[in-house]
Structures are given as C-alpha cells and as structure tokens.
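Novice: I am attaching a structure below and will ask some questions about it afterwards.
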Amino acid sequence: MASADQLIASLQGIDAKSFSSEAERIRARDAVFEALRRIQSPWDIAWDHCWVSGAINAAVKTLIDAGVFRKWAEAGGKPITSTKLAELTGADVLLIQRMMRAISGQHLVIEVGLDTYARTPWAAALAEDPSFASIYGGFYHELNNPMFRTLPAFLKETGFRNPTDVSRCNLQYWLGRDITLFQYIGTNAKLTSDFNDAMECHSKYNLTPWVDIYPTETVVEAAKEGRPLVVDVGGGKGHDLKKFLARHRDRVPPGSLVLEDLPEILKDVVVDDDLSSSPGPIAVRPHDFFTPQPEGARGARVYFMHNVLHDWPDEAARRILRTLAPAMEKGYSRLLIHESLVSAERPLARVTVSDITMMACLAAAERSEDQWRDLIASAGLRIVKIWRPVQSVESIIEVEVA
Ligand SMILES: C[S@@+](CC[C@H](N)C(=O)[O-])C[C@H]1O[C@@H](n2cnc3c(N)ncnc32)[C@H](O)[C@@H]1O
C-alpha cells in the first residue's frame, strides 16, 4: 500500500530549481505527470479536459486583461489580497476574488492567508514578459483553442482521412472562409503581433536555443566575404537571428543576417531596437519562400528554417525546399532545419500535441526521422548530420546540396 503521507512528504519543497540540469528537470516533470495520470480516476481526467482547461484559460485571460498581474508587479509583487488587486485594477472585487480562487485551485498562485495570494514564477512571468502574457491573447484565445472545436466534426465529415490539403482543412471548415492560416493571421494586426509573440515564446521557453545545439562558430569561421552568414527563412520576429548575434556579435558584418518572412508578418517587426549601428547586422527582407531567393540572399553560409516545414504537407514542403536549393552553393551552404522529430517509440508529448495542432490548422504534420530523410532526399538535398539534444523538443537537421 502506498502511503499518501510519505508521497506528499517526498514532494514537498520540490520546484523547477531542484534539479541539476534542464534535462533532469524535464525527466522529473514527465515522471510526475505520468504518476498523476495513474493516480487520477477516469472522472478526474475528464474533469481536467472538459472543465478545467476552458474555465482556467478564461479566468487567466480575464485577469491579464484586467491588468492584475501587471499591477501586482508594479505594487512590488509581494503577497496580496483580492481586495487590493481589485482596488489596483478598478475591477469588481467579487469578480477578482472568484478568478483568483479559481487559479489558486490550479496552483498558479499560492494562497498564503485568508484571500491572500503569493506569485508563482508563472504569475511573475505574466507581468515581466509581455510576449508571454500575449500567448493568452489573439493567437491562442481567438485561434488556436477555438479551432479545435470543429476538428472532430471535420474529420468525421471527411471520412476520417488524414488531412493533407492546406486549402481545404479544418481551418476553413471552422472559419467558413477560403483562407489559409498565414493569410488569415496577416488580415489582423493584433493577431499578427500575438502570433509573432507566441512564436518568440516557443523559441524562448520550449526548447534548447539553436546556438547551443549547433556549433555556430563553424558558420563564422567558414564564412566567405560579402556573403550572407545566416538567412532565417520564415523567421518571424527574428528571435533566432538575435540568438546568433548575441553569440557572435563581433564577427557579424552589417546586413549579413537576413530575416525573411511574409510582408504582412514583418510589417511591425523591429530587429535593431538594442543596436545603435546603421545599417544594423540584421537586414529585414519580405520574401515568399515559394519564390526563388533574391540576389542578396544567395550563396549564404546558412539557411535556417525553424518550425517552417512542419506547417506544410509533404508536397508543399518539397516545393519550398526545391525553390530554396538553387540559392545554396554546393559544398559551402548549409540548410539547418530546426524541427521536432517524432520518435518511433514514446514520442515526446509536446511533439505529438504539436502534430495534432499542425493537422488542425494546416493539414500538416510533425515528421519522424525517416519522413524527414525522404522529404529532404526528394528535394535533391542530403542530410549531413542530425543534432539531437537530450530531452529537448527540437533537433537540428543539417543539410547540404546532394
Ligand atoms: C511556425 S512560424 C515559425 C516562425 C519562426 N521561424 C520561429 O521559429 O519562431 C512559421 C513562419 O513561416 C512564415 N511563412 C508562412 N508562409 C510563408 C511564405 N509563403 N513565405 C515566407 N514565410 C512564410 C510565417 O509567417 C511564420 O512566421
């Protein structure tokens, strides 16, 4: 018989800082989650799925919109009552009390006294990192979560076929419009900015930075003069180029890091807010990756694609690669595909959740190593090496012209 007291005692005092490395933290987190599922009754699990997710997302979004986390931080971030939070935000005290009780029940804040709450690292991050708070904004709240509502009906209506047509998938079924995901995001400035923030957060919190996986010193060492160093294809806000820049600032000539994305996605992107030089190291170039690379972006040492190809079914992904390949110099240029690999056995839960997300919004998929090999070979390219960090969600597939 397991002793609840013993178990509870062994879990007391554990937090994210209790482990010797990030890989150890993730191992422990996954084990605790697995144990939780074994302890939960079927009803506990259904309760989490069908009640908790919706109610808590709504409470969190309401508290963010009311300014609770921001005002709490401005007031010093110490334990605080709901009454004080209502006073700071001008919101109804009863409403704030109910929302705070709800998120406290999920251990998102800690009840330390009567109606008094302390911040967790999550609650502090909502105030300190605006892009983290915006995850609960236009992208997830207005798009990512609601689009799942229609996925089962769409799959039923289409005879439970695996979707592969990006222009006739669940997104169009849900929206009732003939529009693809990135076109739809581009129609709304707030959604575009929230989407870019969400991608930045993935890049910041969901994985090992690419410069810690791939030996980026080889990029600067081998660089040919007058050529771009890194072209970030579909690079969003440019957060991955900034990681490279932070590592190699002294060895990056002006304009040699090229940020490419659709014009509407790049419209409000600022890459050089912390850089005084002009022109800065990062050149922003609107570009559609279904068209050939422009003159200034050819023959680069590295073409970098982070979470781009998982947005596209095989045929479109092959077209993107075949369109890019002629810009690569054989024996010199590398394509770094920074993506998840679905393991044959016990694939990471983050990857399988992302797989269903790709299915729902783009009729696309996360790929296994074999699927990546087939796709890359079919575009006239070959894999040099797969850099696969321990316990990390995403790997780097290093590719060159075959
Ligand atoms: C999942 S996001 C990844 C963004 C960024 N690489 C990152 O990892 O945060 C995919 C990116 O591809 C861009 N994209 C979609 N279609 C494109 C196209 N036809 N040409 C260029 N970029 C495109 C999107 O705007 C988006 O920024």
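Ligands are numbered from 1 in the order shown, chains are lettered A, B, ... in the order of the structure tokens, and residues start at 1 in each chain.
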Find the residues near ligand 1. Use a cut-off of 6 Å, count only C-alpha atoms and all ligand atoms, and write them as a list in words.
Specialist: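 After applying the 6 Å limit, what remains is Phe182, Met199, Glu200, Ser203, Gly234, Gly235, Gly236, Asp261, Leu262, Ile265, His287, Asp288, Phe289, Phe290, His306, Asn307 and Val308 of chain A.
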Novice: Go ahead and save the residues from that selection, with N, CA and C atoms, as a short mmCIF file (atom, residue, chain, number, x, y, z; two decimals), in the first residue's frame.
Specialist:
data_model
loop_
_atom_site.label_atom_id
_atom_site.label_comp_id
_atom_site.auth_asym_id
_atom_site.auth_seq_id
_atom_site.Cartn_x
_atom_site.Cartn_y
_atom_site.Cartn_z
N PHE A 182 -1.80 31.46 -42.58
CA PHE A 182 -0.94 32.65 -42.56
C PHE A 182 -1.61 33.84 -43.25
N MET A 199 5.33 32.75 -31.21
CA MET A 199 6.48 32.05 -31.79
C MET A 199 7.76 32.39 -31.02
N GLU A 200 7.86 33.66 -30.62
CA GLU A 200 9.03 34.06 -29.83
C GLU A 200 9.07 33.27 -28.52
N SER A 203 10.27 29.85 -28.97
CA SER A 203 11.70 29.90 -29.17
C SER A 203 12.44 30.11 -27.84
N GLY A 234 11.38 32.43 -43.20
CA GLY A 234 10.16 32.33 -42.38
C GLY A 234 10.52 32.58 -40.93
N GLY A 235 11.31 33.62 -40.71
CA GLY A 235 11.94 33.83 -39.38
C GLY A 235 11.12 34.60 -38.38
N GLY A 236 9.88 35.00 -38.72
CA GLY A 236 9.03 35.70 -37.75
C GLY A 236 9.66 36.98 -37.25
N ASP A 261 10.40 36.87 -44.18
CA ASP A 261 9.06 36.35 -43.86
C ASP A 261 8.09 37.09 -44.78
N LEU A 262 6.80 36.78 -44.66
CA LEU A 262 5.80 37.45 -45.49
C LEU A 262 5.72 38.93 -45.10
N ILE A 265 3.64 39.88 -42.10
CA ILE A 265 4.15 39.38 -40.82
C ILE A 265 5.31 40.28 -40.35
N HIS A 287 9.83 38.27 -48.05
CA HIS A 287 10.08 37.27 -49.10
C HIS A 287 9.13 36.09 -48.94
N ASP A 288 8.58 35.63 -50.05
CA ASP A 288 7.70 34.45 -50.06
C ASP A 288 8.56 33.24 -50.41
N PHE A 289 8.62 32.25 -49.51
CA PHE A 289 9.55 31.14 -49.76
C PHE A 289 9.11 30.18 -50.87
N PHE A 290 7.98 30.48 -51.50
CA PHE A 290 7.62 29.71 -52.69
C PHE A 290 8.21 30.35 -53.95
N HIS A 306 13.18 27.40 -39.04
CA HIS A 306 12.74 26.95 -37.72
C HIS A 306 11.22 26.82 -37.69
N ASN A 307 10.75 25.61 -37.50
CA ASN A 307 9.31 25.36 -37.44
C ASN A 307 8.57 25.92 -38.65
N VAL A 308 9.19 25.81 -39.79
CA VAL A 308 8.56 26.26 -41.03
C VAL A 308 7.97 25.05 -41.77
#
Novice: Pick out the residues sitting within 12 Å of region 268-270 of chain A, and hand them over as a list in words; count only C-alpha atoms, and ignore anything fewer than 6 positions along from it in its own chain.
Specialist: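 These residues fall inside the cut-off: Gly186, Ala189, Lys190, Thr192, Ser193, Asp194, Phe195, Asn196, Asp197, Glu200, Gly235, Gly236, Lys237, Gly238, His239, Lys242, Leu259, Glu260, Asp261, Leu262, Gly280, Ile282, Ala283, Val284, Arg285 and Pro286 of chain A.
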Novice: Using Å and a single decimal, report how far CA of Trp210 (chain A) sits from CA of Lys243 (chain A).
Specialist: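 It comes out at 8.0 Å.
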Novice: Go through region 306-352 of chain A and collect every residue that DSSP, computed from the backbone, puts in alpha helix (DSSP H); the answer should be as a list of chain:residue names.
Specialist: A:Asp314, A:Glu315, A:Ala316, A:Ala317, A:Arg318, A:Arg319, A:Ile320, A:Leu321, A:Arg322, A:Thr323, A:Leu324, A:Ala349, A:Arg350, A:Val351, A:Thr352
Novice: Would you output that residue set with N, CA and C atoms, as a PDB file, in the first residue's frame?
Specialist:
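Final file, selection_24.pdb:
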ATOM      1  N   ASP A 314       3.656  17.334 -47.275  1.00  0.00           N
ATOM      2  CA  ASP A 314       4.883  16.974 -47.999  1.00  0.00           C
ATOM      3  C   ASP A 314       5.055  17.684 -49.342  1.00  0.00           C
ATOM      4  N   GLU A 315       3.979  17.747 -50.110  1.00  0.00           N
ATOM      5  CA  GLU A 315       4.140  18.297 -51.464  1.00  0.00           C
ATOM      6  C   GLU A 315       4.587  19.767 -51.404  1.00  0.00           C
ATOM      7  N   ALA A 316       3.944  20.537 -50.535  1.00  0.00           N
ATOM      8  CA  ALA A 316       4.307  21.958 -50.414  1.00  0.00           C
ATOM      9  C   ALA A 316       5.696  22.098 -49.788  1.00  0.00           C
ATOM     10  N   ALA A 317       6.000  21.253 -48.790  1.00  0.00           N
ATOM     11  CA  ALA A 317       7.315  21.323 -48.139  1.00  0.00           C
ATOM     12  C   ALA A 317       8.418  21.032 -49.161  1.00  0.00           C
ATOM     13  N   ARG A 318       8.148  20.060 -50.036  1.00  0.00           N
ATOM     14  CA  ARG A 318       9.132  19.722 -51.091  1.00  0.00           C
ATOM     15  C   ARG A 318       9.337  20.920 -52.016  1.00  0.00           C
ATOM     16  N   ARG A 319       8.238  21.612 -52.336  1.00  0.00           N
ATOM     17  CA  ARG A 319       8.343  22.789 -53.219  1.00  0.00           C
ATOM     18  C   ARG A 319       9.180  23.877 -52.547  1.00  0.00           C
ATOM     19  N   ILE A 320       8.989  24.069 -51.243  1.00  0.00           N
ATOM     20  CA  ILE A 320       9.768  25.093 -50.516  1.00  0.00           C
ATOM     21  C   ILE A 320      11.256  24.743 -50.591  1.00  0.00           C
ATOM     22  N   LEU A 321      11.577  23.476 -50.369  1.00  0.00           N
ATOM     23  CA  LEU A 321      12.989  23.052 -50.387  1.00  0.00           C
ATOM     24  C   LEU A 321      13.574  23.155 -51.791  1.00  0.00           C
ATOM     25  N   ARG A 322      12.805  22.713 -52.783  1.00  0.00           N
ATOM     26  CA  ARG A 322      13.324  22.762 -54.161  1.00  0.00           C
ATOM     27  C   ARG A 322      13.513  24.199 -54.632  1.00  0.00           C
ATOM     28  N   THR A 323      12.700  25.111 -54.128  1.00  0.00           N
ATOM     29  CA  THR A 323      12.823  26.522 -54.509  1.00  0.00           C
ATOM     30  C   THR A 323      14.049  27.140 -53.845  1.00  0.00           C
ATOM     31  N   LEU A 324      14.350  26.675 -52.637  1.00  0.00           N
ATOM     32  CA  LEU A 324      15.500  27.219 -51.909  1.00  0.00           C
ATOM     33  C   LEU A 324      16.826  26.662 -52.441  1.00  0.00           C
ATOM     34  N   ALA A 349       5.533  14.119 -25.668  1.00  0.00           N
ATOM     35  CA  ALA A 349       4.146  14.598 -25.673  1.00  0.00           C
ATOM     36  C   ALA A 349       4.043  15.979 -26.316  1.00  0.00           C
ATOM     37  N   ARG A 350       5.053  16.816 -26.125  1.00  0.00           N
ATOM     38  CA  ARG A 350       4.996  18.160 -26.743  1.00  0.00           C
ATOM     39  C   ARG A 350       4.941  18.041 -28.259  1.00  0.00           C
ATOM     40  N   VAL A 351       5.641  17.032 -28.783  1.00  0.00           N
ATOM     41  CA  VAL A 351       5.696  16.871 -30.240  1.00  0.00           C
ATOM     42  C   VAL A 351       4.365  16.315 -30.766  1.00  0.00           C
ATOM     43  N   THR A 352       3.772  15.373 -30.018  1.00  0.00           N
ATOM     44  CA  THR A 352       2.519  14.786 -30.516  1.00  0.00           C
ATOM     45  C   THR A 352       1.364  15.793 -30.402  1.00  0.00           C
TER      46      THR A 352
END
Novice: Would you list the contacts of region 90-106 of chain A as a ChimeraX atom specification, taking every protein, DNA or RNA residue within 12 Å and counting only C-alpha atoms, but skipping same-chain residues closer than 4 positions in sequence?
Specialist: /A:48,51-69,71,80-86,110-120,122-123
Novice: Could you give me the residues within region 64-284 of chain A that DSSP places in strand (DSSP E or B), as a PyMOL selection string?
Specialist: chain A and resi 80-81+109-113+116-119+230-233+257-261+282-284
Novice: Just want the 9 Å neighbourhood of Ala16 (chain A), counted on only C-alpha atoms, with same-chain residues fewer than 3 positions away dropped. Output as a PDB file with N, CA and C atoms, in the first residue's frame.
Specialist:
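File produced: result08.pdb:
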ATOM      1  N   PHE A  19      16.704  20.757  -9.604  1.00  0.00           N
ATOM      2  CA  PHE A  19      17.406  19.739 -10.404  1.00  0.00           C
ATOM      3  C   PHE A  19      18.741  20.255 -10.935  1.00  0.00           C
ATOM      4  N   GLU A  22      18.495  21.150 -16.888  1.00  0.00           N
ATOM      5  CA  GLU A  22      17.179  21.238 -17.517  1.00  0.00           C
ATOM      6  C   GLU A  22      16.701  19.842 -17.934  1.00  0.00           C
ATOM      7  N   ARG A  25      15.315  18.199 -14.922  1.00  0.00           N
ATOM      8  CA  ARG A  25      14.014  18.776 -14.566  1.00  0.00           C
ATOM      9  C   ARG A  25      12.909  18.185 -15.440  1.00  0.00           C
ATOM     10  N   ARG A  29       9.699  16.064 -14.313  1.00  0.00           N
ATOM     11  CA  ARG A  29       8.356  16.569 -14.644  1.00  0.00           C
ATOM     12  C   ARG A  29       7.528  15.490 -15.337  1.00  0.00           C
TER      13      ARG A  29
END
Novice: Taking a cut-off of 12 Å and counting only C-alpha atoms, can you build a table that, for each residue of region 281-361 of chain A near region 178-181 of chain A, reports the nearest atom pair and how far apart they are in Å (one decimal), sorted by chain then residue number, as a Markdown table?
Specialist:
| residue | atom | partner | partner_atom | distance |
| --- | --- | --- | --- | --- |
| A:Asp311 | CA | A:Leu181 | CA | 9.5 |
| A:Trp312 | CA | A:Leu181 | CA | 10.9 |
| A:Thr357 | CA | A:Leu181 | CA | 11.9 |
| A:Met358 | CA | A:Leu181 | CA | 10.5 |
| A:Met359 | CA | A:Leu181 | CA | 11.7 |
| A:Ala360 | CA | A:Leu181 | CA | 10.3 |
| A:Cys361 | CA | A:Leu181 | CA | 6.5 |
Novice: Arg177 (chain A): which residues within 10 Å, counting only C-alpha atoms, same-chain residues fewer than 6 positions away excluded, as a PyMOL selection string?
Specialist: chain A and resi 168+171+184
Novice: May I have the selected residues written with C-alpha atoms, as a tab-separated table (two decimals), in the first residue's frame?
Specialist:
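Now in result-v6.tsv:
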chain	number	residue	atom	x	y	z
A	168	ARG	CA	-9.38	22.55	-47.53
A	171	LEU	CA	-9.26	25.84	-40.53
A	184	TYR	CA	-5.77	34.77	-42.00
Novice: Just want the 7 Å neighbourhood of region 329-339 of chain A, counted on only C-alpha atoms, with same-chain residues fewer than 5 positions away dropped. Output as a ChimeraX atom specification.
Specialist: /A:299-307,394-401
Novice: For those residues, write N, CA and C atoms to a file as a PDB file, in the first residue's frame.
Specialist:
ATOM      1  N   GLY A 299      23.740  32.107 -51.924  1.00  0.00           N
ATOM      2  CA  GLY A 299      25.086  31.671 -51.538  1.00  0.00           C
ATOM      3  C   GLY A 299      25.427  31.919 -50.081  1.00  0.00           C
ATOM      4  N   ALA A 300      24.416  31.940 -49.230  1.00  0.00           N
ATOM      5  CA  ALA A 300      24.672  32.161 -47.797  1.00  0.00           C
ATOM      6  C   ALA A 300      25.362  30.933 -47.208  1.00  0.00           C
ATOM      7  N   ARG A 301      26.062  31.160 -46.101  1.00  0.00           N
ATOM      8  CA  ARG A 301      26.661  30.016 -45.412  1.00  0.00           C
ATOM      9  C   ARG A 301      25.545  29.136 -44.817  1.00  0.00           C
ATOM     10  N   VAL A 302      24.536  29.788 -44.203  1.00  0.00           N
ATOM     11  CA  VAL A 302      23.452  29.013 -43.581  1.00  0.00           C
ATOM     12  C   VAL A 302      22.089  29.556 -43.993  1.00  0.00           C
ATOM     13  N   TYR A 303      21.218  28.653 -44.400  1.00  0.00           N
ATOM     14  CA  TYR A 303      19.791  28.939 -44.485  1.00  0.00           C
ATOM     15  C   TYR A 303      19.173  28.238 -43.297  1.00  0.00           C
ATOM     16  N   PHE A 304      18.399  28.987 -42.543  1.00  0.00           N
ATOM     17  CA  PHE A 304      17.869  28.468 -41.286  1.00  0.00           C
ATOM     18  C   PHE A 304      16.347  28.425 -41.400  1.00  0.00           C
ATOM     19  N   MET A 305      15.769  27.290 -41.087  1.00  0.00           N
ATOM     20  CA  MET A 305      14.298  27.181 -41.125  1.00  0.00           C
ATOM     21  C   MET A 305      13.826  26.573 -39.816  1.00  0.00           C
ATOM     22  N   HIS A 306      13.183  27.398 -39.038  1.00  0.00           N
ATOM     23  CA  HIS A 306      12.745  26.945 -37.721  1.00  0.00           C
ATOM     24  C   HIS A 306      11.221  26.818 -37.695  1.00  0.00           C
ATOM     25  N   ASN A 307      10.752  25.614 -37.503  1.00  0.00           N
ATOM     26  CA  ASN A 307       9.305  25.360 -37.440  1.00  0.00           C
ATOM     27  C   ASN A 307       8.567  25.922 -38.650  1.00  0.00           C
ATOM     28  N   GLU A 394      13.167  20.022 -29.907  1.00  0.00           N
ATOM     29  CA  GLU A 394      13.523  20.168 -31.321  1.00  0.00           C
ATOM     30  C   GLU A 394      14.994  19.859 -31.600  1.00  0.00           C
ATOM     31  N   SER A 395      15.229  19.244 -32.756  1.00  0.00           N
ATOM     32  CA  SER A 395      16.585  18.923 -33.201  1.00  0.00           C
ATOM     33  C   SER A 395      16.980  19.880 -34.321  1.00  0.00           C
ATOM     34  N   ILE A 396      18.235  19.752 -34.767  1.00  0.00           N
ATOM     35  CA  ILE A 396      18.647  20.482 -35.969  1.00  0.00           C
ATOM     36  C   ILE A 396      19.117  19.464 -36.992  1.00  0.00           C
ATOM     37  N   ILE A 397      18.470  19.483 -38.156  1.00  0.00           N
ATOM     38  CA  ILE A 397      18.870  18.602 -39.246  1.00  0.00           C
ATOM     39  C   ILE A 397      19.748  19.441 -40.173  1.00  0.00           C
ATOM     40  N   GLU A 398      21.029  19.068 -40.241  1.00  0.00           N
ATOM     41  CA  GLU A 398      21.982  19.817 -41.072  1.00  0.00           C
ATOM     42  C   GLU A 398      21.983  19.181 -42.474  1.00  0.00           C
ATOM     43  N   VAL A 399      21.753  20.041 -43.462  1.00  0.00           N
ATOM     44  CA  VAL A 399      21.503  19.545 -44.818  1.00  0.00           C
ATOM     45  C   VAL A 399      22.408  20.289 -45.798  1.00  0.00           C
ATOM     46  N   GLU A 400      22.833  19.589 -46.850  1.00  0.00           N
ATOM     47  CA  GLU A 400      23.577  20.276 -47.912  1.00  0.00           C
ATOM     48  C   GLU A 400      23.082  19.804 -49.273  1.00  0.00           C
ATOM     49  N   VAL A 401      23.578  20.460 -50.318  1.00  0.00           N
ATOM     50  CA  VAL A 401      23.178  20.063 -51.669  1.00  0.00           C
ATOM     51  C   VAL A 401      23.804  18.693 -51.969  1.00  0.00           C
TER      52      VAL A 401
END
